[in-house]
>>> print(open('my_file08.pdb').read())   # PDB, C-alpha atoms, pLDDT in the B column
ATOM      1  CA  MET A 520     179.170 -23.417  48.023  1.00 63.00           C
ATOM      2  CA  ASP A 521     181.108 -23.722  51.248  1.00 78.00           C
ATOM      3  CA  SER A 522     179.591 -23.245  54.687  1.00 78.00           C
ATOM      4  CA  GLN A 523     181.228 -19.873  55.316  1.00 80.00           C
ATOM      5  CA  ASN A 524     179.731 -18.351  52.167  1.00 84.00           C
ATOM      6  CA  ALA A 525     176.352 -19.895  52.962  1.00 84.00           C
ATOM      7  CA  LEU A 526     176.555 -18.329  56.415  1.00 85.00           C
ATOM      8  CA  LEU A 527     177.269 -14.896  54.914  1.00 87.00           C
ATOM      9  CA  GLU A 528     174.158 -15.135  52.741  1.00 90.00           C
ATOM     10  CA  HIS A 529     172.030 -15.168  55.894  1.00 88.00           C
ATOM     11  CA  LEU A 530     173.463 -11.951  57.376  1.00 91.00           C
ATOM     12  CA  PRO A 531     170.619  -9.692  56.160  1.00 88.00           C
ATOM     13  CA  ARG A 532     168.018 -12.003  57.754  1.00 81.00           C
ATOM     14  CA  LEU A 533     169.995 -12.200  60.983  1.00 86.00           C
ATOM     15  CA  ARG A 534     170.343  -8.418  61.099  1.00 88.00           C
ATOM     16  CA  ARG A 535     166.638  -7.868  60.415  1.00 81.00           C
ATOM     17  CA  TYR A 536     165.602 -10.330  63.119  1.00 74.00           C
ATOM     18  CA  ALA A 537     168.102  -8.905  65.626  1.00 81.00           C
ATOM     19  CA  ARG A 538     166.837  -5.366  65.074  1.00 78.00           C
ATOM     20  CA  ALA A 539     163.253  -6.467  65.600  1.00 67.00           C
ATOM     21  CA  LEU A 540     164.259  -8.448  68.663  1.00 66.00           C
ATOM     22  CA  VAL A 541     166.403  -5.820  70.368  1.00 72.00           C
ATOM     23  CA  ASN A 542     164.940  -2.592  68.928  1.00 67.00           C
ATOM     24  CA  ASN A 543     168.346  -0.910  69.105  1.00 79.00           C
ATOM     25  CA  ARG A 544     170.627  -0.747  66.074  1.00 84.00           C
ATOM     26  CA  GLU A 545     173.926  -0.934  67.957  1.00 87.00           C
ATOM     27  CA  LEU A 546     172.835  -3.777  70.237  1.00 87.00           C
ATOM     28  CA  ALA A 547     171.355  -5.617  67.261  1.00 86.00           C
ATOM     29  CA  ASP A 548     174.631  -5.331  65.345  1.00 92.00           C
ATOM     30  CA  ASP A 549     176.476  -6.629  68.403  1.00 92.00           C
ATOM     31  CA  LEU A 550     174.064  -9.558  68.603  1.00 90.00           C
ATOM     32  CA  VAL A 551     174.630 -10.393  64.932  1.00 94.00           C
ATOM     33  CA  GLN A 552     178.386 -10.163  65.407  1.00 95.00           C
ATOM     34  CA  ASP A 553     178.284 -12.446  68.459  1.00 94.00           C
ATOM     35  CA  THR A 554     176.076 -14.894  66.563  1.00 92.00           C
ATOM     36  CA  VAL A 555     178.370 -15.024  63.546  1.00 94.00           C
ATOM     37  CA  GLU A 556     181.435 -15.332  65.754  1.00 94.00           C
ATOM     38  CA  ARG A 557     179.909 -18.286  67.586  1.00 94.00           C
ATOM     39  CA  ALA A 558     178.700 -19.882  64.342  1.00 92.00           C
ATOM     40  CA  LEU A 559     182.118 -19.583  62.724  1.00 92.00           C
ATOM     41  CA  SER A 560     183.832 -21.076  65.755  1.00 93.00           C
ATOM     42  CA  ARG A 561     181.404 -24.026  65.664  1.00 92.00           C
ATOM     43  CA  LEU A 562     181.068 -24.425  61.914  1.00 89.00           C
ATOM     44  CA  SER A 563     182.430 -27.963  62.152  1.00 88.00           C
ATOM     45  CA  LEU A 564     179.326 -28.868  64.214  1.00 89.00           C
ATOM     46  CA  PHE A 565     176.941 -27.823  61.415  1.00 88.00           C
ATOM     47  CA  ASN A 566     175.469 -30.828  59.607  1.00 86.00           C
ATOM     48  CA  ALA A 567     175.762 -30.308  55.862  1.00 84.00           C
ATOM     49  CA  GLY A 568     172.430 -30.709  54.125  1.00 83.00           C
ATOM     50  CA  THR A 569     170.430 -29.277  57.018  1.00 83.00           C
ATOM     51  CA  ASP A 570     168.899 -25.796  57.203  1.00 79.00           C
ATOM     52  CA  MET A 571     171.671 -23.324  57.986  1.00 86.00           C
ATOM     53  CA  ARG A 572     169.165 -20.500  58.547  1.00 82.00           C
ATOM     54  CA  ALA A 573     167.472 -22.458  61.339  1.00 77.00           C
ATOM     55  CA  TRP A 574     170.871 -23.297  62.840  1.00 85.00           C
ATOM     56  CA  LEU A 575     171.913 -19.620  62.811  1.00 87.00           C
ATOM     57  CA  PHE A 576     168.630 -18.446  64.308  1.00 78.00           C
ATOM     58  CA  THR A 577     169.000 -21.039  67.067  1.00 79.00           C
ATOM     59  CA  ILE A 578     172.477 -19.715  67.817  1.00 86.00           C
ATOM     60  CA  MET A 579     171.152 -16.139  67.822  1.00 81.00           C
ATOM     61  CA  HIS A 580     168.346 -17.090  70.171  1.00 76.00           C
ATOM     62  CA  ASN A 581     170.819 -18.710  72.578  1.00 79.00           C
ATOM     63  CA  VAL A 582     173.241 -15.762  72.431  1.00 87.00           C
ATOM     64  CA  PHE A 583     170.375 -13.335  73.048  1.00 80.00           C
ATOM     65  CA  ALA A 584     168.998 -15.395  75.942  1.00 74.00           C
ATOM     66  CA  ASN A 585     172.460 -15.479  77.527  1.00 82.00           C
ATOM     67  CA  GLN A 586     172.815 -11.713  77.145  1.00 81.00           C
ATOM     68  CA  VAL A 587     169.402 -11.016  78.663  1.00 75.00           C
ATOM     69  CA  ARG A 588     170.259 -13.138  81.697  1.00 74.00           C
ATOM     70  CA  LYS A 589     173.313 -10.997  82.414  1.00 72.00           C
ATOM     71  CA  PRO A 590     172.543  -8.208  84.864  1.00 63.00           C
ATOM     72  CA  SER A 591     174.730  -5.872  82.787  1.00 58.00           C
ATOM     73  CA  PHE A 592     172.281  -6.149  79.875  1.00 55.00           C
ATOM     74  CA  LYS A 593     169.410  -4.760  81.948  1.00 52.00           C
ATOM     75  CA  ALA A 594     171.130  -2.238  84.191  1.00 52.00           C
ATOM     76  CA  VAL A 595     172.459   1.249  83.621  1.00 55.00           C
ATOM     77  CA  HIS A 596     175.931   1.401  85.146  1.00 50.00           C
ATOM     78  CA  LEU A 597     176.950   4.694  86.675  1.00 52.00           C
ATOM     79  CA  SER A 598     179.253   5.707  89.425  1.00 55.00           C
ATOM     80  CA  VAL A 599     177.541   6.899  92.575  1.00 52.00           C
ATOM     81  CA  ASP A 600     179.457  10.159  92.237  1.00 56.00           C
ATOM     82  CA  ASP A 601     178.623  10.688  88.569  1.00 54.00           C
ATOM     83  CA  GLU A 602     176.744  13.985  88.413  1.00 61.00           C
ATOM     84  CA  SER A 603     176.871  14.090  84.631  1.00 59.00           C
ATOM     85  CA  ALA A 604     174.396  11.228  84.360  1.00 56.00           C
ATOM     86  CA  PRO A 605     171.231  12.380  82.629  1.00 60.00           C
ATOM     87  CA  LEU A 606     168.200  12.029  84.868  1.00 58.00           C
ATOM     88  CA  GLN A 607     166.108  10.617  82.034  1.00 57.00           C
ATOM     89  CA  ASP A 608     168.169   7.410  82.313  1.00 56.00           C
ATOM     90  CA  PHE A 609     166.386   6.799  85.599  1.00 56.00           C
ATOM     91  CA  SER A 610     162.920   7.957  84.683  1.00 58.00           C
ATOM     92  CA  VAL A 611     160.087   5.510  84.241  1.00 55.00           C
ATOM     93  CA  PRO A 612     157.959   6.116  81.170  1.00 59.00           C
ATOM     94  CA  GLY A 613     154.233   6.463  81.645  1.00 60.00           C
ATOM     95  CA  ASN A 614     151.837   4.351  79.669  1.00 60.00           C
ATOM     96  CA  GLN A 615     150.065   7.309  78.083  1.00 62.00           C
ATOM     97  CA  ILE A 616     152.001   6.985  74.836  1.00 65.00           C
ATOM     98  CA  SER A 617     151.136   3.322  74.404  1.00 65.00           C
ATOM     99  CA  SER A 618     147.475   4.108  75.114  1.00 67.00           C
ATOM    100  CA  LEU A 619     147.514   6.790  72.441  1.00 72.00           C
ATOM    101  CA  GLU A 620     149.255   4.468  69.987  1.00 74.00           C
ATOM    102  CA  VAL A 621     146.611   1.784  70.539  1.00 72.00           C
ATOM    103  CA  ARG A 622     143.889   4.369  70.040  1.00 78.00           C
ATOM    104  CA  ASP A 623     145.555   5.620  66.841  1.00 79.00           C
ATOM    105  CA  LEU A 624     145.986   2.072  65.559  1.00 79.00           C
ATOM    106  CA  ASP A 625     142.320   1.309  66.224  1.00 79.00           C
ATOM    107  CA  TYR A 626     141.323   4.505  64.444  1.00 83.00           C
ATOM    108  CA  ALA A 627     143.566   3.656  61.469  1.00 86.00           C
ATOM    109  CA  LEU A 628     142.219   0.099  61.302  1.00 83.00           C
ATOM    110  CA  GLN A 629     138.678   1.434  61.193  1.00 82.00           C
ATOM    111  CA  ARG A 630     139.611   3.625  58.220  1.00 89.00           C
ATOM    112  CA  LEU A 631     140.720   0.622  56.167  1.00 88.00           C
ATOM    113  CA  PRO A 632     138.275  -0.786  53.643  1.00 88.00           C
ATOM    114  CA  LEU A 633     136.527  -3.804  55.120  1.00 79.00           C
ATOM    115  CA  ASP A 634     138.183  -6.325  52.791  1.00 86.00           C
ATOM    116  CA  GLN A 635     141.660  -5.071  53.746  1.00 91.00           C
ATOM    117  CA  ARG A 636     140.811  -4.753  57.439  1.00 84.00           C
ATOM    118  CA  GLN A 637     139.594  -8.367  57.584  1.00 83.00           C
ATOM    119  CA  VAL A 638     142.817  -9.708  56.097  1.00 88.00           C
ATOM    120  CA  VAL A 639     145.076  -7.456  58.219  1.00 88.00           C
ATOM    121  CA  LEU A 640     143.309  -8.511  61.417  1.00 81.00           C
ATOM    122  CA  LEU A 641     143.209 -12.210  60.605  1.00 79.00           C
ATOM    123  CA  VAL A 642     146.905 -12.318  59.705  1.00 88.00           C
ATOM    124  CA  GLY A 643     148.201  -9.765  62.205  1.00 84.00           C
ATOM    125  CA  LEU A 644     145.968 -10.248  65.212  1.00 73.00           C
ATOM    126  CA  GLU A 645     144.754 -13.802  64.859  1.00 76.00           C
ATOM    127  CA  GLU A 646     148.074 -15.013  63.413  1.00 77.00           C
ATOM    128  CA  MET A 647     146.332 -17.071  60.749  1.00 79.00           C
ATOM    129  CA  SER A 648     148.302 -18.270  57.736  1.00 89.00           C
ATOM    130  CA  TYR A 649     147.505 -16.854  54.330  1.00 94.00           C
ATOM    131  CA  THR A 650     145.951 -20.170  53.354  1.00 91.00           C
ATOM    132  CA  GLU A 651     143.738 -20.187  56.448  1.00 86.00           C
ATOM    133  CA  VAL A 652     142.628 -16.618  55.704  1.00 85.00           C
ATOM    134  CA  ALA A 653     141.868 -17.516  52.076  1.00 87.00           C
ATOM    135  CA  LEU A 654     139.738 -20.466  53.208  1.00 84.00           C
ATOM    136  CA  ALA A 655     138.003 -18.449  55.933  1.00 82.00           C
ATOM    137  CA  LEU A 656     137.105 -15.590  53.591  1.00 79.00           C
ATOM    138  CA  GLY A 657     136.550 -17.737  50.508  1.00 84.00           C
ATOM    139  CA  ILE A 658     139.011 -15.786  48.363  1.00 89.00           C
ATOM    140  CA  PRO A 659     142.106 -16.813  46.362  1.00 95.00           C
ATOM    141  CA  LEU A 660     145.497 -16.847  48.083  1.00 96.00           C
ATOM    142  CA  GLY A 661     146.802 -14.102  45.769  1.00 96.00           C
ATOM    143  CA  THR A 662     143.920 -11.851  46.809  1.00 96.00           C
ATOM    144  CA  VAL A 663     144.819 -12.362  50.465  1.00 95.00           C
ATOM    145  CA  MET A 664     148.396 -11.320  49.766  1.00 97.00           C
ATOM    146  CA  SER A 665     147.442  -8.241  47.737  1.00 97.00           C
ATOM    147  CA  ARG A 666     144.848  -7.072  50.261  1.00 96.00           C
ATOM    148  CA  LEU A 667     147.318  -7.575  53.084  1.00 96.00           C
ATOM    149  CA  SER A 668     149.977  -5.615  51.236  1.00 96.00           C
ATOM    150  CA  ARG A 669     147.624  -2.732  50.445  1.00 97.00           C
ATOM    151  CA  GLY A 670     146.186  -2.767  53.969  1.00 95.00           C
ATOM    152  CA  ARG A 671     149.601  -2.654  55.609  1.00 94.00           C
ATOM    153  CA  GLU A 672     150.730   0.166  53.329  1.00 95.00           C
ATOM    154  CA  ARG A 673     147.615   2.177  54.112  1.00 94.00           C
ATOM    155  CA  LEU A 674     148.075   1.539  57.860  1.00 91.00           C
ATOM    156  CA  ARG A 675     151.676   2.766  57.629  1.00 91.00           C
ATOM    157  CA  ALA A 676     150.512   5.920  55.899  1.00 92.00           C
ATOM    158  CA  LEU A 677     147.745   6.524  58.414  1.00 90.00           C
ATOM    159  CA  MET A 678     149.972   5.855  61.432  1.00 86.00           C
ATOM    160  CA  SER A 679     152.808   8.039  60.149  1.00 86.00           C
ATOM    161  CA  GLY A 680     150.462  10.954  59.598  1.00 80.00           C
ATOM    162  CA  ALA A 681     151.088  10.929  55.847  1.00 70.00           C
ATOM    163  CA  VAL A 682     147.317  10.936  55.380  1.00 62.00           C
ATOM    164  CA  THR A 683     145.640  13.994  56.815  1.00 53.00           C
ATOM    165  CA  SER A 684     142.026  14.015  57.886  1.00 47.00           C
ATOM    166  CA  GLY A 685     140.873  15.565  54.609  1.00 47.00           C
ATOM    167  CA  ALA A 686     143.042  13.451  52.327  1.00 47.00           C
ATOM    168  CA  LYS A 687     141.987  10.130  50.902  1.00 51.00           C
ATOM    169  CA  LEU A 688     144.084   7.185  49.804  1.00 50.00           C
ATOM    170  CA  ALA A 689     143.075   5.433  46.623  1.00 49.00           C
ATOM    171  CA  VAL A 690     141.177   2.278  47.391  1.00 46.00           C
ATOM    172  CA  ILE A 691     142.062  -0.546  45.034  1.00 44.00           C
ATOM    173  CA  LYS A 692     139.763  -3.545  45.091  1.00 40.00           C
TER     174      LYS A 692
END
>>> encode(input="my_file08.pdb", output="structure tokens")
Amino acid sequence: MDSQNALLEHLPRLRRYARALVNNRELADDLVQDTVERALSRLSLFNAGTDMRAWLFTIMHNVFANQVRKPSFKAVHLSVDDESAPLQDFSVPGNQISSLEVRDLDYALQRLPLDQRQVVLLVGLEEMSYTEVALALGIPLGTVMSRLSRGRERLRALMSGAVTSGAKLAVIK
């Protein structure tokens, strides 16, 4: 397989990472486009046999860092005379929403079964590897993965409001 086709195989990963990084679909797509453009223009510099995914993510990181350094990335540009500018562009959000989200997350975590909550916290909060969690809890690696999957799914449901106060999710052990 040639380098261009190999590069195209990594587009979904690049897009996913860009969206998580930028948290804006249009800006993320622009970042992916800039990354691919730069990679294609420097494809002759790629060492065959090395990890193309790592090379592409390095390029994306550098493109993103360069964009963040530009004042235009951070600022809202409006003419001084522009009366059509929405005032919310200049408002500063309060931190009440984030406080409520943290409270809701804590509440949802407490509603998880203990075995799922342990795995979710060790992987998500403590950033332990699955192997480290398996050793710490004395359980098989597959059990760590299944508990993490079920715990995350239950958290999503609880955080999205899909589970009402009277409803119960099936607990699979």
>>> atom_distance(input="my_file08.pdb", atom1="atom CA of Asp521 of chain A", atom2="atom CA of Ala567 of chain A")
9.7 Å
>>> residues_around(input="my_file08.pdb", residues="segment 546-561 of chain A", least_positions_apart="4", cutoff="10 Å", atoms="all atoms listed in the file", output="PyMOL selection string")
chain A and resi 522-523+526-527+529-542+565+574-583+586+592
>>> atom_distance(input="my_file08.pdb", atom1="atom CA of Leu644 of chain A", atom2="atom CA of Val587 of chain A")
27.0 Å
>>> atom_distance(input="my_file08.pdb", atom1="atom CA of Arg630 of chain A", atom2="atom CA of Glu646 of chain A")
21.1 Å
>>> residues_near_point(input="my_file08.pdb", point="(143.1, 7.3, 62.4)", cutoff="6 Å", atoms="all atoms listed in the file", output="NGL selection string")
:A and (623 or 626-627)
>>> write_last_selection(input="my_file08.pdb", atoms="C-alpha atoms", output="tab-separated table (two decimals), keeping the file's coordinate frame")
chain	number	residue	atom	x	y	z
A	623	ASP	CA	145.56	5.62	66.84
A	626	TYR	CA	141.32	4.50	64.44
A	627	ALA	CA	143.57	3.66	61.47
>>> closest_residue(input="my_file08.pdb", among="A:Leu564, A:Gly643, A:Ser679, A:Val638", to="Leu660 of chain A", atoms="all atoms listed in the file")
A:Val638
>>> resolve_selection(input="my_file08.pdb", expression="the PyMOL selection byres ((chain A and resi 671) around 10)", output="number ranges by chain")
A: 628, 631, 635-636, 638-639, 643, 665-670, 672-677
>>> closest_residue(input="my_file08.pdb", among="A:Glu545, A:Lys589, A:Ala525, A:Ser648", to="Gly568 of chain A", atoms="all atoms listed in the file")
A:Ala525
>>> build_atoms(input="my_file08.pdb", residues="segment 616-630 of chain A", atoms="N, CA and C atoms", output="CSV table (one decimal), keeping the file's coordinate frame")
chain,number,residue,atom,x,y,z
A,616,ILE,N,151.6,7.1,76.2
A,616,ILE,CA,152.0,7.0,74.8
A,616,ILE,C,151.5,5.7,74.2
A,617,SER,N,151.6,4.6,75.0
A,617,SER,CA,151.1,3.3,74.4
A,617,SER,C,149.6,3.3,74.3
A,618,SER,N,148.9,4.0,75.2
A,618,SER,CA,147.5,4.1,75.1
A,618,SER,C,147.1,4.9,73.9
A,619,LEU,N,147.8,6.0,73.6
A,619,LEU,CA,147.5,6.8,72.4
A,619,LEU,C,147.8,6.0,71.2
A,620,GLU,N,148.9,5.2,71.2
A,620,GLU,CA,149.3,4.5,70.0
A,620,GLU,C,148.2,3.4,69.7
A,621,VAL,N,147.7,2.8,70.7
A,621,VAL,CA,146.6,1.8,70.5
A,621,VAL,C,145.4,2.5,70.0
A,622,ARG,N,145.1,3.6,70.5
A,622,ARG,CA,143.9,4.4,70.0
A,622,ARG,C,144.1,4.8,68.6
A,623,ASP,N,145.3,5.2,68.2
A,623,ASP,CA,145.6,5.6,66.8
A,623,ASP,C,145.5,4.4,65.9
A,624,LEU,N,146.0,3.3,66.4
A,624,LEU,CA,146.0,2.1,65.6
A,624,LEU,C,144.5,1.6,65.3
A,625,ASP,N,143.7,1.7,66.4
A,625,ASP,CA,142.3,1.3,66.2
A,625,ASP,C,141.6,2.2,65.2
A,626,TYR,N,141.9,3.5,65.4
A,626,TYR,CA,141.3,4.5,64.4
A,626,TYR,C,141.8,4.2,63.0
A,627,ALA,N,143.1,3.9,62.8
A,627,ALA,CA,143.6,3.7,61.5
A,627,ALA,C,143.0,2.4,60.9
A,628,LEU,N,142.8,1.4,61.7
A,628,LEU,CA,142.2,0.1,61.3
A,628,LEU,C,140.8,0.3,60.8
A,629,GLN,N,140.1,1.2,61.6
A,629,GLN,CA,138.7,1.4,61.2
A,629,GLN,C,138.6,2.2,59.9
A,630,ARG,N,139.6,2.9,59.5
A,630,ARG,CA,139.6,3.6,58.2
A,630,ARG,C,140.0,2.8,57.0
